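Visitor: Compact mmCIF, C-alpha atoms, saved as input23.txt, coming up:
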# COMPACT_ATOMS: atom_id res chain seq x y z
CA MET A 1362 -16.43 -1.95 34.44
CA SER A 1363 -14.49 -4.09 31.97
CA ALA A 1364 -10.74 -4.34 32.45
CA PRO A 1365 -8.42 -3.06 29.70
CA VAL A 1366 -7.34 -5.75 27.27
CA ALA A 1367 -3.65 -6.64 26.98
CA TRP A 1368 -1.70 -5.58 23.88
CA ALA A 1369 -1.50 -8.84 21.93
CA GLU A 1370 -5.04 -9.93 22.80
CA ALA A 1371 -6.56 -6.57 21.79
CA ARG A 1372 -4.84 -6.63 18.41
CA ALA A 1373 -5.90 -10.25 17.82
CA LEU A 1374 -9.50 -9.31 18.67
CA ALA A 1375 -9.32 -6.43 16.18
CA ARG A 1376 -8.09 -8.74 13.41
CA SER A 1377 -10.79 -11.30 14.11
CA ALA A 1378 -13.49 -8.60 14.15
CA ALA A 1379 -12.88 -7.65 10.53
CA PRO A 1380 -15.52 -8.99 8.13
CA PRO A 1381 -14.48 -11.15 5.17
CA PRO A 1382 -12.87 -9.03 2.44
CA ARG A 1383 -15.07 -8.03 -0.48
CA ALA A 1384 -13.87 -7.43 -4.01
CA GLU A 1385 -14.67 -4.93 -6.73
CA ARG A 1386 -13.28 -4.37 -10.21
CA VAL A 1387 -11.55 -1.09 -10.94
CA PRO A 1388 -9.92 0.21 -14.14
CA LEU A 1389 -6.13 0.19 -14.20
CA ALA A 1390 -6.03 4.00 -13.93
CA SER A 1391 -7.74 3.73 -10.53
CA ALA A 1392 -5.78 0.74 -9.22
CA LEU A 1393 -2.71 2.43 -7.73
CA GLY A 1394 -2.26 1.41 -4.10
CA ARG A 1395 -5.15 -1.05 -4.16
CA VAL A 1396 -4.78 -4.66 -2.99
CA LEU A 1397 -5.33 -7.49 -5.49
CA ALA A 1398 -8.27 -9.72 -4.64
CA ASP A 1399 -7.33 -12.41 -7.20
CA PRO A 1400 -4.00 -13.52 -8.65
CA LEU A 1401 -2.90 -11.84 -11.88
CA VAL A 1402 -2.69 -14.63 -14.47
CA THR A 1403 -1.57 -13.84 -17.99
CA ALA A 1404 -3.58 -15.31 -20.85
CA ILE A 1405 -0.86 -14.46 -23.38
CA PRO A 1406 2.89 -14.97 -23.56
CA LEU A 1407 5.02 -12.01 -22.50
CA PRO A 1408 6.22 -10.62 -24.76
CA HIS A 1409 3.50 -11.94 -27.04
CA PHE A 1410 5.69 -11.77 -30.16
CA ALA A 1411 9.42 -11.97 -30.83
CA SER A 1412 10.82 -8.46 -31.07
CA ALA A 1413 14.05 -6.59 -31.66
CA ALA A 1414 16.05 -5.48 -28.64
CA MET A 1415 18.14 -3.00 -30.69
CA ASP A 1416 17.86 -0.68 -33.65
CA GLY A 1417 19.65 -2.20 -36.65
CA TRP A 1418 18.94 -5.03 -39.08
CA ALA A 1419 17.25 -8.39 -38.67
CA VAL A 1420 19.47 -10.90 -40.47
CA ARG A 1421 19.44 -14.55 -41.52
CA GLY A 1422 22.64 -16.42 -42.17
CA ALA A 1423 26.29 -15.45 -41.71
CA GLY A 1424 26.38 -12.48 -44.09
CA PRO A 1425 26.92 -10.42 -46.06
CA TRP A 1426 23.19 -9.88 -46.57
CA ARG A 1427 21.00 -8.50 -49.31
CA LEU A 1428 18.58 -5.89 -48.05
CA GLY A 1429 15.04 -7.00 -48.73
CA GLU A 1430 12.52 -5.03 -50.70
CA ASP A 1431 10.77 -4.08 -47.45
CA ALA A 1432 12.99 -1.24 -46.31
CA ALA A 1433 12.24 -1.44 -42.59
CA VAL A 1434 10.18 -3.09 -39.86
CA GLU A 1435 8.76 -0.48 -37.54
CA GLY A 1436 5.96 -2.31 -35.73
CA GLY A 1437 2.36 -3.30 -36.28
CA GLY A 1438 2.54 -6.91 -35.10
CA PRO A 1439 4.09 -10.10 -36.49
CA GLY A 1440 1.74 -10.21 -39.47
CA HIS A 1441 3.38 -7.05 -40.83
CA ALA A 1442 6.93 -8.43 -40.80
CA PRO A 1443 8.50 -9.88 -43.95
CA VAL A 1444 9.85 -13.43 -44.17
CA LEU A 1445 13.64 -13.58 -44.47
CA ALA A 1446 15.44 -16.06 -46.69
CA ALA A 1447 19.04 -17.06 -46.03
CA GLY A 1448 21.41 -14.19 -46.79
CA GLU A 1449 18.71 -11.53 -46.45
CA ALA A 1450 18.35 -8.64 -44.00
CA VAL A 1451 15.80 -5.96 -43.26
CA GLU A 1452 16.13 -2.77 -41.24
CA ILE A 1453 14.38 -2.94 -37.86
CA VAL A 1454 13.75 -0.71 -34.84
CA THR A 1455 13.69 -1.60 -31.15
CA GLY A 1456 10.46 -3.31 -30.16
CA ALA A 1457 9.39 -4.16 -33.70
CA PRO A 1458 8.44 -7.77 -34.53
CA VAL A 1459 11.31 -9.73 -36.00
CA PRO A 1460 10.63 -11.34 -39.38
CA ASP A 1461 10.10 -15.06 -39.64
CA GLY A 1462 13.45 -16.70 -40.33
CA ALA A 1463 15.51 -13.96 -38.62
CA GLU A 1464 18.34 -15.35 -36.52
CA ALA A 1465 19.83 -12.18 -35.02
CA VAL A 1466 19.64 -8.41 -34.93
CA LEU A 1467 22.81 -6.70 -36.04
CA ARG A 1468 22.84 -3.41 -34.17
CA ALA A 1469 23.01 -0.19 -36.19
CA GLU A 1470 26.54 0.77 -35.15
CA ALA A 1471 27.86 -2.68 -36.09
CA GLY A 1472 26.78 -2.73 -39.74
CA SER A 1473 27.53 -0.93 -42.99
CA VAL A 1474 25.40 -0.79 -46.17
CA ALA A 1475 26.75 -0.24 -49.68
CA ASP A 1476 24.88 -0.91 -52.96
CA GLY A 1477 22.05 -2.69 -51.15
CA VAL A 1478 24.39 -5.09 -49.35
CA LEU A 1479 24.83 -5.17 -45.57
CA GLN A 1480 28.14 -6.11 -43.97
CA SER A 1481 28.87 -6.61 -40.26
CA VAL A 1482 31.59 -4.38 -38.82
CA GLY A 1483 34.21 -5.42 -36.25
CA GLU A 1484 34.00 -7.71 -33.27
CA THR A 1485 30.68 -6.21 -32.18
CA GLY A 1486 29.04 -7.20 -35.44
CA ARG A 1487 30.55 -10.67 -35.37
CA HIS A 1488 29.33 -11.25 -31.80
CA ASP A 1489 25.85 -10.01 -32.67
CA VAL A 1490 25.51 -12.48 -35.54
CA GLU A 1491 27.34 -15.49 -34.14
CA GLY A 1492 25.68 -15.10 -30.77
CA ARG A 1493 22.23 -14.71 -32.33
CA ARG A 1494 21.76 -11.69 -30.17
CA HIS A 1495 19.21 -8.90 -29.64
CA ILE A 1496 16.03 -10.87 -30.31
CA ARG A 1497 13.54 -11.00 -27.46
CA PRO A 1498 11.72 -14.31 -27.90
CA ALA A 1499 7.98 -14.52 -27.38
CA GLY A 1500 7.24 -15.82 -23.88
CA ALA A 1501 10.70 -15.01 -22.52
CA GLU A 1502 9.12 -13.23 -19.52
CA ALA A 1503 6.02 -15.35 -18.99
CA ALA A 1504 4.07 -18.17 -20.61
CA PRO A 1505 0.27 -18.24 -20.87
CA GLY A 1506 -1.20 -19.29 -17.53
CA ASP A 1507 1.70 -18.00 -15.44
CA ARG A 1508 0.75 -16.32 -12.13
CA LEU A 1509 2.49 -12.98 -12.21
CA LEU A 1510 1.13 -11.50 -8.97
CA GLU A 1511 -0.53 -13.19 -6.02
CA ALA A 1512 -3.73 -12.08 -4.32
CA GLY A 1513 -2.80 -9.61 -1.59
CA ALA A 1514 -0.19 -7.79 -3.66
CA VAL A 1515 -0.31 -4.00 -3.40
CA LEU A 1516 -0.58 -2.47 -6.86
CA THR A 1517 2.43 -0.27 -7.56
CA PRO A 1518 3.07 1.51 -10.89
CA PRO A 1519 5.25 -1.36 -12.24
CA ARG A 1520 2.62 -3.92 -11.23
CA ILE A 1521 -0.13 -1.95 -12.96
CA ALA A 1522 2.08 -1.73 -16.04
CA LEU A 1523 2.60 -5.50 -15.87
CA ALA A 1524 -1.16 -6.02 -15.75
CA ALA A 1525 -1.57 -3.79 -18.78
CA ALA A 1526 1.02 -5.86 -20.66
CA THR A 1527 -1.16 -8.94 -20.19
CA GLY A 1528 -4.07 -7.14 -21.88
CA ALA A 1529 -6.01 -6.43 -18.67
CA ASP A 1530 -8.16 -3.29 -18.59
CA ALA A 1531 -9.47 -3.73 -15.03
CA LEU A 1532 -8.49 -5.71 -11.93
CA ALA A 1533 -10.34 -7.28 -9.01
CA VAL A 1534 -9.21 -5.53 -5.82
CA ARG A 1535 -10.30 -5.58 -2.20
CA ARG A 1536 -12.96 -2.99 -1.53
CA ARG A 1537 -11.82 -0.20 0.74
CA VAL A 1538 -13.58 0.45 4.04
CA ARG A 1539 -16.16 3.26 4.08
CA VAL A 1540 -15.60 5.27 7.26
CA ALA A 1541 -17.71 7.87 9.05
CA LEU A 1542 -15.62 10.17 11.22
CA VAL A 1543 -17.40 11.40 14.37
CA LEU A 1544 -15.55 14.26 16.06
CA THR A 1545 -16.77 15.01 19.57
CA GLY A 1546 -16.18 17.80 22.07
CA ASP A 1547 -17.67 21.19 22.94
CA GLU A 1548 -14.21 22.67 23.33
CA VAL A 1549 -12.99 21.97 19.79
CA VAL A 1550 -12.72 24.75 17.19
CA GLU A 1551 -12.11 24.04 13.51
CA ALA A 1552 -10.26 27.17 12.39
CA GLY A 1553 -7.99 29.89 13.68
CA VAL A 1554 -6.22 30.23 17.01
CA PRO A 1555 -8.12 28.58 19.88
CA GLY A 1556 -9.03 30.68 22.88
CA PRO A 1557 -8.64 29.78 26.56
CA GLY A 1558 -10.39 26.49 27.27
CA GLN A 1559 -10.55 25.64 23.56
CA VAL A 1560 -8.45 23.30 21.43
CA ARG A 1561 -7.86 23.36 17.71
CA ASP A 1562 -9.21 20.39 15.77
CA SER A 1563 -6.17 18.40 14.60
CA PHE A 1564 -8.12 15.26 13.68
CA ARG A 1565 -10.27 16.32 10.74
CA VAL A 1566 -7.24 16.84 8.50
CA ALA A 1567 -4.96 14.12 9.90
CA ILE A 1568 -7.13 11.06 10.47
CA PRO A 1569 -8.55 10.75 6.92
CA ALA A 1570 -4.99 10.66 5.59
CA VAL A 1571 -4.03 7.91 8.03
CA LEU A 1572 -7.13 5.94 7.12
CA ARG A 1573 -6.35 6.24 3.41
CA ALA A 1574 -2.95 4.67 4.04
CA LEU A 1575 -4.62 1.83 5.97
CA GLY A 1576 -7.24 1.08 3.31
CA GLY A 1577 -10.17 3.22 4.45
CA ASP A 1578 -11.96 6.20 2.92
CA VAL A 1579 -13.75 8.81 5.03
CA VAL A 1580 -17.12 9.25 3.33
CA ALA A 1581 -18.83 11.29 6.06
CA VAL A 1582 -17.75 13.63 8.86
CA HIS A 1583 -20.01 14.46 11.82
CA ARG A 1584 -19.19 17.11 14.42
CA VAL A 1585 -21.06 16.62 17.70
CA GLY A 1586 -20.81 18.30 21.08
CA ASP A 1587 -20.69 16.60 24.43
CA ASP A 1588 -24.19 15.17 24.07
CA GLU A 1589 -25.22 11.53 24.31
CA ASP A 1590 -28.21 11.72 21.98
CA ALA A 1591 -26.28 13.55 19.25
CA THR A 1592 -23.44 11.04 19.60
CA ARG A 1593 -25.83 8.09 19.28
CA VAL A 1594 -27.41 9.56 16.14
CA ALA A 1595 -23.97 10.11 14.56
CA LEU A 1596 -22.95 6.53 15.34
CA SER A 1597 -25.97 5.23 13.41
CA ALA A 1598 -25.66 7.28 10.20
CA GLY A 1599 -26.10 5.02 7.16
CA GLY A 1600 -23.98 3.95 4.22
CA ILE A 1601 -20.75 3.10 6.04
CA ASP A 1602 -18.77 0.11 7.31
CA LEU A 1603 -16.85 1.66 10.20
CA VAL A 1604 -17.42 4.59 12.55
CA LEU A 1605 -14.31 6.21 13.97
CA THR A 1606 -14.86 8.53 16.92
CA THR A 1607 -12.42 10.96 18.51
CA GLY A 1608 -12.82 11.95 22.15
CA GLY A 1609 -15.55 10.89 24.52
CA THR A 1610 -14.19 7.39 25.21
CA GLY A 1611 -13.27 8.14 28.83
CA ARG A 1612 -15.60 7.77 31.77
CA SER A 1613 -16.17 11.37 32.87
CA SER A 1614 -19.46 13.25 32.77
CA ALA A 1615 -18.38 14.85 29.46
CA ASP A 1616 -17.68 11.50 27.76
CA HIS A 1617 -20.69 10.01 25.96
CA VAL A 1618 -19.37 7.47 23.42
CA ARG A 1619 -19.70 4.45 25.73
CA ALA A 1620 -23.21 5.40 26.82
CA ALA A 1621 -24.25 6.01 23.21
CA LEU A 1622 -22.90 2.61 22.22
CA ALA A 1623 -24.77 0.92 25.05
CA ALA A 1624 -27.99 2.70 24.06
CA ALA A 1625 -27.50 1.48 20.48
CA GLY A 1626 -27.08 -2.12 21.65
CA ALA A 1627 -23.42 -2.34 20.65
CA ALA A 1628 -21.17 -5.11 21.93
CA LEU A 1629 -17.80 -3.99 23.28
CA LEU A 1630 -15.14 -6.20 21.74
CA VAL A 1631 -12.22 -4.24 23.20
CA PRO A 1632 -13.45 -1.99 26.04
CA GLY A 1633 -10.02 -0.44 26.43
CA MET A 1634 -6.37 -1.31 25.91
CA ALA A 1635 -3.67 -1.80 28.51
CA ILE A 1636 -1.43 0.72 26.71
CA ARG A 1637 -0.01 4.14 27.52
CA PRO A 1638 -0.84 6.47 25.94
CA GLY A 1639 -4.10 5.49 24.25
CA GLY A 1640 -5.67 3.34 26.97
CA PRO A 1641 -9.30 4.47 26.37
CA THR A 1642 -9.17 3.21 22.76
CA LEU A 1643 -12.11 0.85 22.21
CA LEU A 1644 -13.65 -1.38 19.54
CA ALA A 1645 -17.36 -2.17 19.42
CA ARG A 1646 -19.73 -4.00 17.11
CA MET A 1647 -23.13 -2.64 16.08
CA PRO A 1648 -25.50 -4.73 13.96
CA ASP A 1649 -24.27 -3.29 10.65
CA ARG A 1650 -20.90 -1.71 11.43
CA LEU A 1651 -17.88 -1.59 13.69
CA VAL A 1652 -16.99 1.38 15.89
CA LEU A 1653 -13.40 2.32 16.68
CA GLY A 1654 -13.31 4.85 19.50
CA LEU A 1655 -10.18 6.93 20.00
CA PRO A 1656 -9.24 9.15 22.95
CA GLY A 1657 -9.44 12.91 22.63
CA ASN A 1658 -5.78 13.72 23.25
CA PRO A 1659 -3.96 13.94 19.89
CA LEU A 1660 -0.98 11.66 20.58
CA ALA A 1661 -3.15 9.11 22.39
CA ALA A 1662 -5.67 9.11 19.55
CA LEU A 1663 -3.16 8.61 16.75
CA LEU A 1664 -1.33 5.89 18.66
CA GLY A 1665 -4.66 4.20 19.39
CA LEU A 1666 -5.43 4.28 15.68
CA VAL A 1667 -2.07 2.70 14.85
CA ALA A 1668 -2.34 0.18 17.69
CA LEU A 1669 -5.91 -1.08 17.13
CA GLY A 1670 -7.08 0.38 13.82
CA ALA A 1671 -4.10 -0.87 11.82
CA PRO A 1672 -4.61 -4.60 12.54
CA LEU A 1673 -8.37 -4.22 12.05
CA LEU A 1674 -8.05 -2.57 8.65
CA SER A 1675 -5.20 -4.85 7.60
CA ALA A 1676 -7.37 -7.93 8.08
CA TRP A 1677 -10.24 -6.14 6.33
CA THR A 1678 -8.42 -4.71 3.30
CA GLY A 1679 -5.10 -6.56 3.03
CA VAL A 1680 -2.97 -3.46 3.58
CA ASP A 1681 0.18 -4.51 5.41
CA ALA A 1682 0.33 -3.73 9.15
CA SER A 1683 3.19 -6.02 10.14
CA THR A 1684 5.67 -5.02 12.79
CA ARG A 1685 9.46 -5.14 12.73
CA THR A 1686 12.23 -5.58 15.25
CA VAL A 1687 14.71 -2.81 16.00
CA VAL A 1688 17.33 -2.24 18.70
CA ALA A 1689 16.75 0.06 21.66
CA ALA A 1690 19.42 2.76 21.79
CA ASN A 1691 18.49 3.58 25.39
CA THR A 1692 16.92 1.75 28.29
CA LEU A 1693 13.13 1.87 27.92
CA PRO A 1694 11.44 1.71 31.32
CA GLY A 1695 8.37 -0.48 31.62
CA ARG A 1696 5.06 0.34 33.21
CA ALA A 1697 3.27 -2.19 35.41
CA ARG A 1698 0.36 -3.91 33.65
CA SER A 1699 0.64 -1.65 30.58
CA THR A 1700 2.41 -1.75 27.24
CA GLY A 1701 4.17 1.51 26.45
CA LEU A 1702 3.92 3.05 22.97
CA VAL A 1703 6.96 5.22 22.40
CA PRO A 1704 7.52 7.18 19.16
CA ALA A 1705 11.15 6.95 18.13
CA THR A 1706 13.58 7.88 15.39
CA LEU A 1707 15.75 5.33 13.60
CA ALA A 1708 19.44 5.38 12.76
CA GLY A 1709 19.91 2.13 10.89
CA ALA A 1710 18.27 -0.46 13.15
CA GLU A 1711 18.82 1.57 16.34
CA ALA A 1712 15.81 3.38 17.79
CA THR A 1713 15.91 6.45 20.02
CA PRO A 1714 12.76 7.80 21.70
CA VAL A 1715 11.75 11.29 20.65
CA ALA A 1716 11.09 14.16 23.04
CA HIS A 1717 7.68 15.72 23.70
CA LEU A 1718 5.73 12.57 24.49
CA GLY A 1719 2.81 13.92 26.49
CA SER A 1720 -0.54 12.43 25.43
CA GLY A 1721 -1.70 15.84 24.20
CA MET A 1722 1.49 16.57 22.24
CA LEU A 1723 2.13 15.98 18.54
CA ARG A 1724 5.64 17.38 18.14
CA GLY A 1725 7.36 14.12 19.04
CA LEU A 1726 5.18 11.97 16.79
CA ALA A 1727 5.75 14.40 13.94
CA ALA A 1728 9.47 13.63 14.14
CA ALA A 1729 9.15 9.86 14.62
CA ASP A 1730 9.94 7.03 12.21
CA VAL A 1731 8.35 4.19 14.20
CA VAL A 1732 6.51 3.50 17.46
CA LEU A 1733 8.27 1.20 19.93
CA VAL A 1734 6.16 -1.39 21.75
CA VAL A 1735 7.62 -1.53 25.26
CA PRO A 1736 6.41 -4.46 27.40
CA PRO A 1737 5.61 -3.94 31.10
CA ALA A 1738 9.04 -5.30 32.06
CA GLY A 1739 10.81 -2.67 29.94
CA VAL A 1740 13.67 -3.07 27.48
CA ALA A 1741 17.37 -2.68 28.22
CA ALA A 1742 19.65 -0.64 25.98
CA GLY A 1743 20.94 -2.78 23.11
CA GLU A 1744 18.06 -5.25 23.30
CA PRO A 1745 15.57 -5.92 20.49
CA VAL A 1746 12.20 -4.23 20.68
CA GLU A 1747 9.06 -4.52 18.53
CA ALA A 1748 8.27 -1.49 16.37
CA LEU A 1749 5.09 -0.42 14.64
CA ALA A 1750 5.28 1.21 11.23
CA LEU A 1751 3.68 4.63 10.92
CA PRO A 1752 1.20 4.58 8.02
CA TRP A 1753 2.22 8.03 6.82
CA THR A 1754 5.91 7.12 6.46
CA GLY A 1755 5.22 4.61 3.68
For the file at hand, write its structure as structure tokens.
Guide:
Amino acid sequence: MSAPVAWAEARALARSAAPPPRAERVPLASALGRVLADPLVTAIPLPHFASAAMDGWAVRGAGPWRLGEDAAVEGGGPGHAPVLAAGEAVEIVTGAPVPDGAEAVLRAEAGSVADGVLQSVGETGRHDVEGRRHIRPAGAEAAPGDRLLEAGAVLTPPRIALAAATGADALAVRRRVRVALVLTGDEVVEAGVPGPGQVRDSFRVAIPAVLRALGGDVVAVHRVGDDEDATRVALSAGGIDLVLTTGGTGRSSADHVRAALAAAGAALLVPGMAIRPGGPTLLARMPDRLVLGLPGNPLAALLGLVALGAPLLSAWTGVDASTRTVVAANTLPGRARSTGLVPATLAGAEATPVAHLGSGMLRGLAAADVVLVVPPAGVAAGEPVEALALPWTG
């Protein structure tokens, strides 16, 4: 029987087990939350033409100015803008291309027109003209060839908008992991109030959401009873990259995941973790996929997913799974030869463990902001402690 693997080693093994990232191109409308596979490099200057930063008049010279025959510049690109001679002005709107020869934009409230002649008004007008203000030069934000985003950047709405400004219609992103969810257990019911000896399925709705946040998509769900053959068949279903199982990772007569893996010729990379709760969490490699096995108790399963699944999927997809350091508000007792995973709330940088921390309970985790990583020696009140982010908190 293989010994449980220590915290840091198990997470390092998970990271190293991830295959090299693969890329795919997706349209901008589908890119939100995806991870860039290549840097975003602009082929054009940003902005790609000089434009007005205010509504008003584009002017050349010190004024007063004759209004040109073209009454206004409203857009359409630089080729549509008139050419200004000294002492001329043309009405312009925000974002429109400034005419060749324009030296400033006199804002609308700082000018006055009478008999086709424009005059600046007050100190505001004088500052606009003398300061050559309110023209956004071409290339003020970026020059052609500038790297605007690095590979590994998560695509947020502003970053997608930035890509659109460069003229991109699609982006190369890391392909998400295709996951088959295998839910085991004769005692599990999927709807309604469970009877004596039964438990309600809390994984089918929760785990796909966690996986989405970590860079995976559940593409198949298999429900199997406590049966080794059925479990082995579910582990081998095609078209996926990762199998995630719930329950059956213990060593009782009702637990069949380990036997099914052995029958399928899988190699156990992490046979178990020296953590509490979540110790039976395992990671195995089959010829064409990885298998992440989670315990059957809800808190233990979700903490196992955060503990081992997060570093695995981070290395695979580029989604961030870094930890942070917080301060323990209370003394956190250690547990010999095991790392404790303790859901906690945060007040600033100070972390307080939640109540209801039994391995079958979810109430405490539902209230938590982070999970504290408590080493076997424990942590004294006021000391720093490592904290795992919860994928669903953003």
Visitor: Measure the distance from CA of Val1466 (chain A) to CA of Leu1523 (chain A) in Å and round it to one decimal.
Guide: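 Interatomic distance, CA of Val1466 (chain A) to CA of Leu1523 (chain A): 25.7 Å.
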Visitor: Check the smallest atom-to-atom distance from each of A:Gly1657, A:Gly1486, A:Gly1500, A:Gly1417 to Gly1639 (chain A) using all atoms listed in the file, then report the winner.
Guide: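 Under the stated criterion, the closest residue is A:Gly1657.
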Visitor: Would you please work out which residue, of A:Val1474, A:Ala1411, A:Val1420, A:Ala1404, is nearest to Ala1501 (chain A) when using all atoms listed in the file?
Guide: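 The shortest atom-to-atom distance to Ala1501 (chain A) comes from A:Ala1411.
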Visitor: For CA of Ala1533 (chain A) and CA of Ala1676 (chain A), quote the distance in Å rounded to one decimal.
Guide: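 CA of Ala1676 (chain A) lies at a distance of 17.4 Å from CA of Ala1533 (chain A).
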Visitor: Rounded to one decimal place, report the CA of Ala1469 (chain A)-CA of Glu1491 (chain A) distance in Å.
Guide: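 That distance, rounded to one decimal, is 16.0 Å.
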Visitor: Which residue is closest to Pro1382 (chain A)? Choose from A:Val1680, A:Ala1504, A:Leu1509, A:Val1652 and count only C-alpha atoms.
Guide: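 Counting only C-alpha atoms, the residue closest to Pro1382 (chain A) is A:Val1680.
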Visitor: Write out as a VMD selection string which residues come within 7 Å of region 1602-1615 of chain A when counting all atoms listed in the file, dropping same-chain ones fewer than 3 positions away.
Guide: chain A and resid 1538 to 1546 1587 1596 1618 to 1619 1641 to 1642 1650 to 1657
Visitor: With all atoms listed in the file as the atoms that count, which of A:Val1631, A:Ala1591, A:Leu1407, A:Ala1750 lies nearest to Ala1371 (chain A)?
Guide: A:Val1631
Visitor: For a quick check of understanding, using only C-alpha atoms, which of A:Val1580, A:Val1585, A:Ala1463, A:Ala1457 has the smallest distance to Leu1445 (chain A)?
Guide: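 For Leu1445 (chain A), the nearest of the candidates is A:Ala1463.
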Visitor: Can you work out which one of A:Ala1682, A:Val1566, A:Val1482, A:Ala1708 has the shortest atom-to-atom distance to Pro1752 (chain A), counting all atoms listed in the file?
Guide: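 Closest to Pro1752 (chain A), using all atoms listed in the file: A:Ala1682.
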Visitor: Which residues are close to Gly1429 (chain A), i.e. within 8 Å by all atoms listed in the file, leaving aside same-chain residues fewer than 3 positions away? Reply as a PDB file with C-alpha atoms, in the coordinates of the input.
Guide:
ATOM      1  CA  ALA A1432      12.990  -1.240 -46.310  1.00  0.00           C
ATOM      2  CA  LEU A1445      13.640 -13.580 -44.470  1.00  0.00           C
ATOM      3  CA  GLU A1449      18.710 -11.530 -46.450  1.00  0.00           C
ATOM      4  CA  ALA A1450      18.350  -8.640 -44.000  1.00  0.00           C
ATOM      5  CA  VAL A1451      15.800  -5.960 -43.260  1.00  0.00           C
TER       6      VAL A1451
END
Visitor: Excluding Ala1742 (chain A) and any residue of its chain fewer than 6 positions from it, enumerate the residues within 6 Å of it, using only C-alpha atoms, and give them as a ChimeraX atom specification.
Guide: /A:1689-1692
Visitor: Counting only C-alpha atoms, what is within 10 Å of Ala1628 (chain A), bar same-chain residues fewer than 2 positions away, as number ranges by chain?
Guide: A: 1622-1623, 1625-1626, 1630-1632, 1644-1648, 1651-1652
Visitor: Mind listing whatever residues come within 7 Å of the point (-3.4, 1.4, 8.2)? Use all atoms listed in the file, file coordinates, and give them as a ChimeraX atom specification.
Guide: /A:1571-1572,1574-1576,1667,1670-1671,1674-1675,1680,1682,1752
Visitor: Do a neighbour search on region 1390-1392 of chain A at 10 Å with only C-alpha atoms, toss out local chain neighbours closer than 5 positions, and write the hits as a PyMOL selection string.
Guide: chain A and resi 1397+1515-1518+1520-1521+1530-1534
